[in-house]
Amino acid sequence: MKKRNRLLLVVLILGLAITAFGCGNNEPGPQAETPQEPGTGDLTKITVAATPVPHAEILVQIKDDLAEKGFELEVIEFSEYVQPNMVVEAGDVDANFFQHKPYLDNFNEERGTNLVSVAAIHFEPLGIYPGKSNDLSNIPDGAAIAVPNDTTNEARALLLLEANGVIRIKEGAGLTATKLDIVENPHNVEIVELEAAQVARVVKETDFVVLNGNYALEAGFNVQTDALAKEEQDSEAAQTYANILCVKKGNEETEKTKALIEALKSDKVKQFIADTYEGGVVAID
């Protein structure tokens with residue numbers, strides 16, 4: 001009888017030990033530790049919409065700097081100008097980097113969006129580039145000149161053509177000028193309006209093209225050596241058309257926004273721009 005009682009006691013003890021061991025396995029192990037704070041392993045994601053050149057290239061340069069401060073940067077590339085704003089407006093993306101403020105202001109007005117500039121990063125000189133013709137002082141009668149068709153960039157292109165004696169625009173038209181505002185056209189040039197990303201593709205079909213800096217770079221043009229005329233670094237255009245970091249209104253002071261601004265305004269980025277783009281992109285102090 002005593003042997004039986006001892007046997008039952010041993011079985012009971014073993015059962016309790018197995019149960020305790022099983023419960024112990026349900027406790028979090030080393031791999032299930034509480035997530036670390038940003039900067040110590042658990043990175044907070046920042047998403048930025050950008051056009052490929054130079055914006056996405058510049059953003060790549062700050063990935064490591066942001067990681068050191070606890071942020072993981074994801075760059076989402078777009079090849080046109082509408083969707084980068086729409087995804088920020090929708091809240092799907094934290095910020096974008098591709099446009100200048102006059103374009104943003106016009107976009108907000110036309111689309112009813114609530115996007116704001118938080119920092120001016122760089123300036124991309126608009127340039128007139130050769131196509132079938134290569135001499136602005138000897139323009140063929142009836143020459144075709146392709147320009148971007150969005151409101152601010154078309155006006156900017158027309159003002160550059162005016163500054164180089166190709167046309168004259170109605171006084172006061174300014175940043176809303178279209179080809180309908182041309183009051184003098186001594187060479188009877190045809191202004192061909194195209195979506196900005198398409199302008200470089202008609203170089204061989206038109207006499208001249210007026211290109212945004214990013215699309216000139218993508219097309220293999222160097223503004224210093226290939227442009228027949230360009231906006232100058234010390235011009236009013238350099239400030240007016242500076243490319244900006246943009247967020248949805250209300251997000252101007254978030255930690256993500258502050259981190260992006262600090263990284264993009266760093267000496268490291270300024271040096272990268274100077275070394276890489278040779279005047280085609282100019283950092284803003």
# chains A, B, ... in the order shown; residues from 1 in each chain; ligands from 1
>>> select_by_dssp(residues="region 52-257 of chain A", states="strand (DSSP E)", output="JSON, numbers by chain")
{"A": [71, 72, 73, 74, 75, 76, 77, 95, 96, 97, 98, 99, 100, 115, 116, 117, 118, 119, 120, 121, 122, 123, 127, 128, 129, 130, 144, 145, 146, 147, 148, 168, 169, 182, 183, 184, 190, 191, 192, 193, 194, 208, 209, 210, 211, 229, 230, 242, 243, 244, 245, 246, 247, 248]}
>>> select_by_dssp(residues="region 136-260 of chain A", states="alpha helix (DSSP H)", output="tab-separated table (two decimals) with C-alpha atoms, in the first residue's frame")
chain	number	residue	atom	x	y	z
A	151	THR	CA	0.41	76.69	-65.91
A	152	THR	CA	3.51	77.82	-64.02
A	153	ASN	CA	6.14	76.03	-66.09
A	154	GLU	CA	4.67	77.15	-69.39
A	155	ALA	CA	4.75	80.76	-68.22
A	156	ARG	CA	8.29	80.25	-67.01
A	157	ALA	CA	9.30	78.85	-70.41
A	158	LEU	CA	7.67	81.74	-72.26
A	159	LEU	CA	9.41	84.26	-70.02
A	160	LEU	CA	12.75	82.61	-70.77
A	161	LEU	CA	12.02	82.77	-74.51
A	162	GLU	CA	11.08	86.41	-74.10
A	163	ALA	CA	14.31	87.13	-72.21
A	213	GLY	CA	15.93	70.67	-64.95
A	214	ASN	CA	14.97	67.15	-63.87
A	215	TYR	CA	13.77	66.14	-67.32
A	216	ALA	CA	16.84	67.67	-68.95
A	217	LEU	CA	19.01	65.52	-66.71
A	218	GLU	CA	16.97	62.41	-67.51
A	236	GLU	CA	14.68	85.86	-59.17
A	237	ALA	CA	13.72	82.54	-60.74
A	238	ALA	CA	16.21	80.74	-58.52
A	239	GLN	CA	14.15	81.74	-55.47
A	240	THR	CA	10.72	81.63	-57.08
A	255	GLU	CA	9.21	64.54	-36.13
A	256	LYS	CA	9.26	62.95	-39.59
A	257	THR	CA	9.08	66.33	-41.31
A	258	LYS	CA	11.76	67.85	-39.08
A	259	ALA	CA	14.08	64.92	-39.72
A	260	LEU	CA	13.62	65.18	-43.49
>>> closest_residue(among="A:Ala119, A:Ile244, A:Ala49, A:Ile169", to="Gly91 (chain A)", atoms="only C-alpha atoms")
A:Ala49
>>> atom_distance(atom1="CA of Asn251 (chain A)", atom2="CA of Met86 (chain A)")
15.4 Å
>>> atom_distance(atom1="CA of Val147 (chain A)", atom2="CA of Asp285 (chain A)")
29.0 Å
>>> atom_distance(atom1="CA of Lys132 (chain A)", atom2="CA of Ile191 (chain A)")
14.8 Å
>>> closest_residue(among="A:Thr254, A:Asn188, A:Asn212, A:Ser266", to="Gly142 (chain A)", atoms="only C-alpha atoms")
A:Asn188
>>> residues_around(residues="region 43-47 of chain A", least_positions_apart="5", cutoff="6 Å", atoms="only C-alpha atoms", output="list in words")
Pro38, Gly70, Phe71, Glu72, Leu73, Glu74, Val75, Val93 and Asp94 of chain A
>>> residues_around(residues="Ile128 (chain A)", least_positions_apart="4", cutoff="6 Å", atoms="only C-alpha atoms", output="list in words")
Val209, Val210, Ala227, Leu228 and Ala229 of chain A
